[in-house]
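Below is the file upload_26.txt, which contains compact mmCIF, C-alpha atoms.
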```txt
# COMPACT_ATOMS: atom_id res chain seq x y z
CA MET K 2 80.57 111.46 114.67
CA GLU K 3 79.82 110.48 118.22
CA LEU K 4 79.73 107.06 119.79
CA VAL K 5 77.25 106.55 122.59
CA TRP K 6 77.15 103.51 124.90
CA ARG K 7 75.88 102.53 128.31
CA GLU K 8 78.03 102.15 131.38
CA GLU K 9 76.02 100.79 134.27
CA SER K 10 72.82 102.85 134.17
CA ARG K 11 74.04 105.95 132.38
CA ALA K 12 74.74 106.86 128.76
CA VAL K 13 78.32 107.79 127.90
CA GLY K 14 79.37 109.42 124.68
CA HIS K 15 82.61 110.28 122.98
CA ALA K 16 83.30 112.11 119.73
CA PRO K 17 86.78 111.33 118.39
CA GLN K 18 88.65 114.45 117.31
CA LEU K 19 89.15 113.18 113.76
CA MET K 20 87.38 110.76 111.48
CA ALA K 21 89.02 110.09 108.13
CA ARG K 22 88.05 107.86 105.25
CA LEU K 23 91.19 106.16 103.94
CA GLN K 24 91.99 105.43 100.31
CA ASP K 25 91.11 101.72 100.73
CA GLY K 26 87.63 102.66 101.97
CA SER K 27 88.30 101.91 105.63
CA GLY K 28 88.10 104.55 108.31
CA LEU K 29 90.37 105.97 110.95
CA LEU K 30 89.26 107.49 114.23
CA LEU K 31 91.82 109.58 116.06
CA ASP K 32 92.04 111.33 119.40
CA CYS K 33 94.87 113.58 120.48
CA ALA K 34 96.22 113.42 124.00
CA GLY K 35 96.87 116.66 125.83
CA ARG K 36 100.32 118.00 126.63
CA SER K 37 100.66 115.70 129.61
CA GLY K 38 99.36 112.62 127.77
CA PRO K 39 95.94 110.97 127.83
CA SER K 40 93.79 111.51 130.89
CA VAL K 41 92.37 108.52 132.77
CA ARG K 42 88.94 109.38 131.33
CA LEU K 43 90.25 109.54 127.74
CA ALA K 44 92.20 106.29 128.16
CA ALA K 45 89.04 104.50 129.33
CA ARG K 46 86.98 105.88 126.46
CA ALA K 47 89.77 105.07 124.00
CA ARG K 48 89.42 101.36 124.81
CA VAL K 49 85.70 101.46 123.96
CA VAL K 50 86.23 103.50 120.79
CA ALA K 51 89.04 101.17 119.65
CA ALA K 52 86.76 98.14 120.07
CA ALA K 53 83.93 99.86 118.18
CA ALA K 54 86.28 100.90 115.38
CA LYS K 55 87.63 97.37 115.09
CA ALA K 56 84.08 95.95 114.90
CA ALA K 57 83.37 98.36 112.02
CA GLY K 58 86.57 97.39 110.19
CA TRP K 59 88.20 100.70 111.01
CA SER K 60 91.22 101.63 113.06
CA TYR K 61 91.58 103.88 116.06
CA ARG K 62 94.61 105.75 117.25
CA LEU K 63 95.30 107.76 120.35
CA ALA K 64 98.04 110.17 119.31
CA GLU K 65 100.63 111.24 121.84
CA PRO K 66 101.41 114.93 122.29
CA PRO K 67 103.56 116.29 119.46
CA ASP K 68 107.27 116.76 119.95
CA PRO K 69 107.91 120.24 121.44
CA VAL K 70 110.71 120.90 118.92
CA LEU K 71 108.37 120.11 116.02
CA VAL K 72 105.67 122.36 117.51
CA ALA K 73 108.14 125.24 117.96
CA ASN K 74 109.46 124.90 114.40
CA VAL K 75 106.01 124.75 112.82
CA ARG K 76 104.84 127.68 114.94
CA TRP K 77 107.86 129.71 113.77
CA LEU K 78 107.39 128.87 110.09
CA ALA K 79 103.65 129.55 110.30
CA GLY K 80 104.54 133.16 110.99
CA TYR K 81 105.83 133.31 107.41
CA ARG K 82 102.88 131.64 105.69
CA HIS K 83 101.47 134.84 104.19
CA PRO K 84 102.05 135.12 100.42
CA ARG K 85 103.72 138.53 100.86
CA TYR K 86 106.88 136.66 101.91
CA ALA K 87 106.98 134.91 98.52
CA ALA K 88 107.05 138.21 96.66
CA GLY K 89 110.68 139.03 97.40
CA PRO K 90 113.25 139.42 94.63
CA CYS K 91 115.21 136.34 95.75
CA MET K 92 112.34 133.81 95.51
CA PRO K 93 113.23 132.60 91.98
CA ALA K 94 116.85 132.09 93.07
CA LEU K 95 115.97 130.03 96.18
CA ALA K 96 115.63 126.73 94.33
CA GLU K 97 118.99 127.20 92.68
CA ALA K 98 120.66 128.28 95.92
CA PHE K 99 119.44 125.14 97.70
CA ASP K 100 119.78 122.77 94.74
CA SER K 101 122.28 120.84 96.85
CA PRO K 102 121.53 120.49 100.58
CA ARG K 103 123.42 123.11 102.56
CA PRO K 104 123.27 125.19 105.74
CA ALA K 105 120.61 127.86 105.34
CA VAL K 106 122.87 130.72 106.39
CA GLU K 107 125.32 130.06 103.54
CA ALA K 108 122.65 130.43 100.88
CA VAL K 109 121.00 133.39 102.63
CA TYR K 110 124.20 135.46 102.56
CA GLU K 111 124.85 134.37 98.99
CA LEU K 112 121.39 135.59 97.91
CA GLY K 113 121.65 139.09 99.37
CA ASP K 114 120.53 141.10 102.37
CA PRO K 115 119.64 138.61 105.14
CA ILE K 116 116.83 140.90 106.37
CA ALA K 117 115.12 140.43 103.01
CA VAL K 118 116.15 136.83 102.32
CA TRP K 119 115.33 135.04 105.61
CA PRO K 120 111.55 135.69 105.34
CA ALA K 121 111.56 134.25 101.80
CA VAL K 122 113.44 131.16 103.01
CA PHE K 123 111.00 130.64 105.89
CA HIS K 124 108.04 131.05 103.53
CA ALA K 125 109.56 128.53 101.11
CA LEU K 126 110.00 126.09 104.00
CA TRP K 127 106.39 126.65 105.11
CA SER K 128 104.98 126.24 101.60
CA GLY K 129 107.01 123.13 100.79
CA VAL K 130 109.29 124.61 98.14
CA LEU K 131 112.24 123.93 100.44
CA ARG K 132 112.60 121.27 103.09
CA VAL K 133 114.37 120.95 106.42
CA ARG K 134 114.17 118.48 109.29
CA LEU K 135 111.48 119.78 111.61
CA ASP K 136 112.27 117.31 114.40
CA GLU K 137 115.54 119.13 115.08
CA PRO K 138 115.81 122.73 116.31
CA LEU K 139 115.57 125.18 113.42
CA HIS K 140 118.64 127.42 113.35
CA GLU K 141 120.82 129.21 110.82
CA ARG K 142 123.05 126.16 110.21
CA ALA K 143 120.10 123.79 109.63
CA VAL K 144 120.55 121.93 106.35
CA VAL K 145 117.98 123.01 103.78
CA SER K 146 117.32 121.59 100.32
CA VAL K 147 114.83 121.81 97.50
CA ALA K 148 111.75 119.72 98.28
CA ARG K 149 111.60 118.16 94.81
CA GLN K 150 114.63 116.00 95.61
CA GLU K 151 112.47 113.98 98.00
CA ALA K 152 109.60 113.71 95.49
CA GLU K 153 111.90 112.56 92.67
CA ALA K 154 113.37 109.81 94.85
CA ALA K 155 109.93 108.37 95.60
```

Represent the structure contained in this file as structure tokens.
Amino acid sequence: MELVWREESRAVGHAPQLMARLQDGSGLLLDCAGRSGPSVRLAARARVVAAAAKAAGWSYRLAEPPDPVLVANVRWLAGYRHPRYAAGPCMPALAEAFDSPRPAVEAVYELGDPIAVWPAVFHALWSGVLRVRLDEPLHERAVVSVARQEAEAA
């Protein structure tokens, strides 16, 4: 969608980067700021879009740049998103190995050859079978657990 309005004698338009319909029927418009934050131009347009969204009963958000640690972790795990990494012999044992939260390296060495096990762990983290804090640097001592623990608590 694109909003178009007049400023002085010229037409100005802006297409938010995301439009989502929320479960309650309202809408959300979202723009993402660049690495250095919102430009002066985007900030000015954001004020107009926010007012238009409010008039329509929607909300508008200008998202700040993502945390560099989060970006680095997601980028790393994305390298293991291919299903071939789930085909390893240790995949069925991963849930049991991480049944209780523990440092990843402990379970990896317990499961076998680290060269074969680490890719399976990273794939399980990417696919949501396992969980780890992504707002902290991902390293061998990062505490990993089975993702279902979080779902059961909800």

**Nearby residues (all atoms listed in the file) at most 8 Å from Gly38 (chain K), same-chain spacing under 4 positions excluded, as a count of residues only** = 3

Compile the contact shell of Gly35 (chain K) as an mmCIF file with C-alpha atoms, in the coordinates of the input: residues with an atom at most 12 Å away, counting all atoms listed in the file, same-chain residues fewer than 4 positions apart removed.
```cif
data_model
loop_
_atom_site.group_PDB
_atom_site.id
_atom_site.type_symbol
_atom_site.label_atom_id
_atom_site.label_comp_id
_atom_site.auth_asym_id
_atom_site.auth_seq_id
_atom_site.Cartn_x
_atom_site.Cartn_y
_atom_site.Cartn_z
ATOM 1 C CA PRO K 39 95.940 110.970 127.830
ATOM 2 C CA SER K 40 93.790 111.510 130.890
ATOM 3 C CA VAL K 41 92.370 108.520 132.770
ATOM 4 C CA LEU K 43 90.250 109.540 127.740
ATOM 5 C CA ALA K 44 92.200 106.290 128.160
ATOM 6 C CA LEU K 63 95.300 107.760 120.350
ATOM 7 C CA ALA K 64 98.040 110.170 119.310
ATOM 8 C CA GLU K 65 100.630 111.240 121.840
ATOM 9 C CA PRO K 66 101.410 114.930 122.290
ATOM 10 C CA PRO K 67 103.560 116.290 119.460
ATOM 11 C CA ASP K 68 107.270 116.760 119.950
#
```

**Item:** Between CA of Asp136 (chain K) and CA of Leu95 (chain K) - distance in Å to one decimal
**Value:** 22.5 Å

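Considering only C-alpha atoms, the residue among K:Val75, K:Arg42, K:Ala94, K:His124 positioned nearest to Glu111 (chain K) is K:Ala94.
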
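Minimum atom-to-atom distance to Leu135 (chain K), evaluated using all atoms listed in the file, belongs to K:Arg76 out of K:Arg85, K:Arg103, K:Arg76, K:Arg149.
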
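CA of Ala45 (chain K) sits 13.3 Å away from CA of Arg7 (chain K).
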
Can I get region 111-147 of chain K with N, CA and C atoms filled in, as a compact mmCIF listing (two decimals), in the coordinates of the input?
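Saved to part.txt:
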```
# COMPACT_ATOMS: atom_id res chain seq x y z
N GLU K 111 124.55 134.40 100.42
CA GLU K 111 124.85 134.37 98.99
C GLU K 111 123.76 135.09 98.18
N LEU K 112 122.52 135.01 98.65
CA LEU K 112 121.39 135.59 97.91
C LEU K 112 121.21 137.09 98.13
N GLY K 113 121.80 137.65 99.16
CA GLY K 113 121.65 139.09 99.37
C GLY K 113 121.49 139.47 100.82
N ASP K 114 120.75 140.54 101.03
CA ASP K 114 120.53 141.10 102.37
C ASP K 114 119.75 140.10 103.22
N PRO K 115 120.33 139.60 104.31
CA PRO K 115 119.64 138.61 105.14
C PRO K 115 118.28 139.08 105.65
N ILE K 116 118.12 140.38 105.90
CA ILE K 116 116.83 140.90 106.37
C ILE K 116 115.75 140.65 105.33
N ALA K 117 116.09 140.68 104.08
CA ALA K 117 115.12 140.43 103.01
C ALA K 117 115.02 138.95 102.64
N VAL K 118 116.11 138.22 102.80
CA VAL K 118 116.15 136.83 102.32
C VAL K 118 115.55 135.84 103.32
N TRP K 119 115.83 136.01 104.62
CA TRP K 119 115.33 135.04 105.61
C TRP K 119 113.81 134.84 105.52
N PRO K 120 113.00 135.92 105.44
CA PRO K 120 111.55 135.69 105.34
C PRO K 120 111.16 134.85 104.13
N ALA K 121 111.85 135.04 103.01
CA ALA K 121 111.56 134.25 101.80
C ALA K 121 111.93 132.78 102.02
N VAL K 122 113.03 132.54 102.71
CA VAL K 122 113.44 131.16 103.01
C VAL K 122 112.41 130.50 103.92
N PHE K 123 111.99 131.21 104.97
CA PHE K 123 111.00 130.64 105.89
C PHE K 123 109.68 130.38 105.18
N HIS K 124 109.28 131.28 104.28
CA HIS K 124 108.04 131.05 103.53
C HIS K 124 108.18 129.82 102.62
N ALA K 125 109.32 129.69 101.99
CA ALA K 125 109.56 128.53 101.11
C ALA K 125 109.56 127.23 101.91
N LEU K 126 110.06 127.28 103.14
CA LEU K 126 110.00 126.09 104.00
C LEU K 126 108.55 125.80 104.38
N TRP K 127 107.79 126.84 104.73
CA TRP K 127 106.39 126.65 105.11
C TRP K 127 105.58 126.08 103.94
N SER K 128 105.81 126.62 102.75
CA SER K 128 104.98 126.24 101.60
C SER K 128 105.45 124.95 100.92
N GLY K 129 106.56 124.40 101.35
CA GLY K 129 107.01 123.13 100.79
C GLY K 129 107.93 123.24 99.60
N VAL K 130 108.34 124.44 99.23
CA VAL K 130 109.29 124.61 98.14
C VAL K 130 110.66 124.11 98.59
N LEU K 131 111.00 124.42 99.83
CA LEU K 131 112.24 123.93 100.44
C LEU K 131 111.88 122.98 101.56
N ARG K 132 112.85 122.19 101.98
CA ARG K 132 112.60 121.27 103.09
C ARG K 132 113.76 121.32 104.08
N VAL K 133 113.41 121.00 105.33
CA VAL K 133 114.37 120.95 106.42
C VAL K 133 113.81 119.96 107.44
N ARG K 134 114.65 119.38 108.22
CA ARG K 134 114.17 118.48 109.29
C ARG K 134 113.49 119.32 110.35
N LEU K 135 112.23 119.02 110.61
CA LEU K 135 111.48 119.78 111.61
C LEU K 135 111.55 119.14 112.99
N ASP K 136 112.15 117.96 113.10
CA ASP K 136 112.27 117.31 114.40
C ASP K 136 113.58 117.69 115.10
N GLU K 137 114.32 118.59 114.48
CA GLU K 137 115.54 119.13 115.08
C GLU K 137 115.37 120.64 115.19
N PRO K 138 115.98 121.27 116.18
CA PRO K 138 115.81 122.73 116.31
C PRO K 138 116.20 123.46 115.02
N LEU K 139 115.34 124.38 114.62
CA LEU K 139 115.57 125.18 113.42
C LEU K 139 116.53 126.30 113.79
N HIS K 140 117.65 126.39 113.08
CA HIS K 140 118.64 127.42 113.35
C HIS K 140 119.35 127.74 112.04
N GLU K 141 120.21 128.73 112.06
CA GLU K 141 120.82 129.21 110.82
C GLU K 141 121.69 128.16 110.11
N ARG K 142 122.20 127.18 110.83
CA ARG K 142 123.05 126.16 110.21
C ARG K 142 122.25 124.90 109.84
N ALA K 143 120.94 124.94 110.01
CA ALA K 143 120.10 123.79 109.63
C ALA K 143 120.26 123.55 108.13
N VAL K 144 120.35 122.28 107.75
CA VAL K 144 120.55 121.93 106.35
C VAL K 144 119.21 121.97 105.62
N VAL K 145 119.18 122.78 104.57
CA VAL K 145 117.98 123.01 103.78
C VAL K 145 118.24 122.54 102.37
N SER K 146 117.20 122.01 101.72
CA SER K 146 117.32 121.59 100.32
C SER K 146 116.00 121.83 99.61
N VAL K 147 116.03 121.67 98.31
CA VAL K 147 114.83 121.81 97.50
C VAL K 147 113.95 120.59 97.75
```
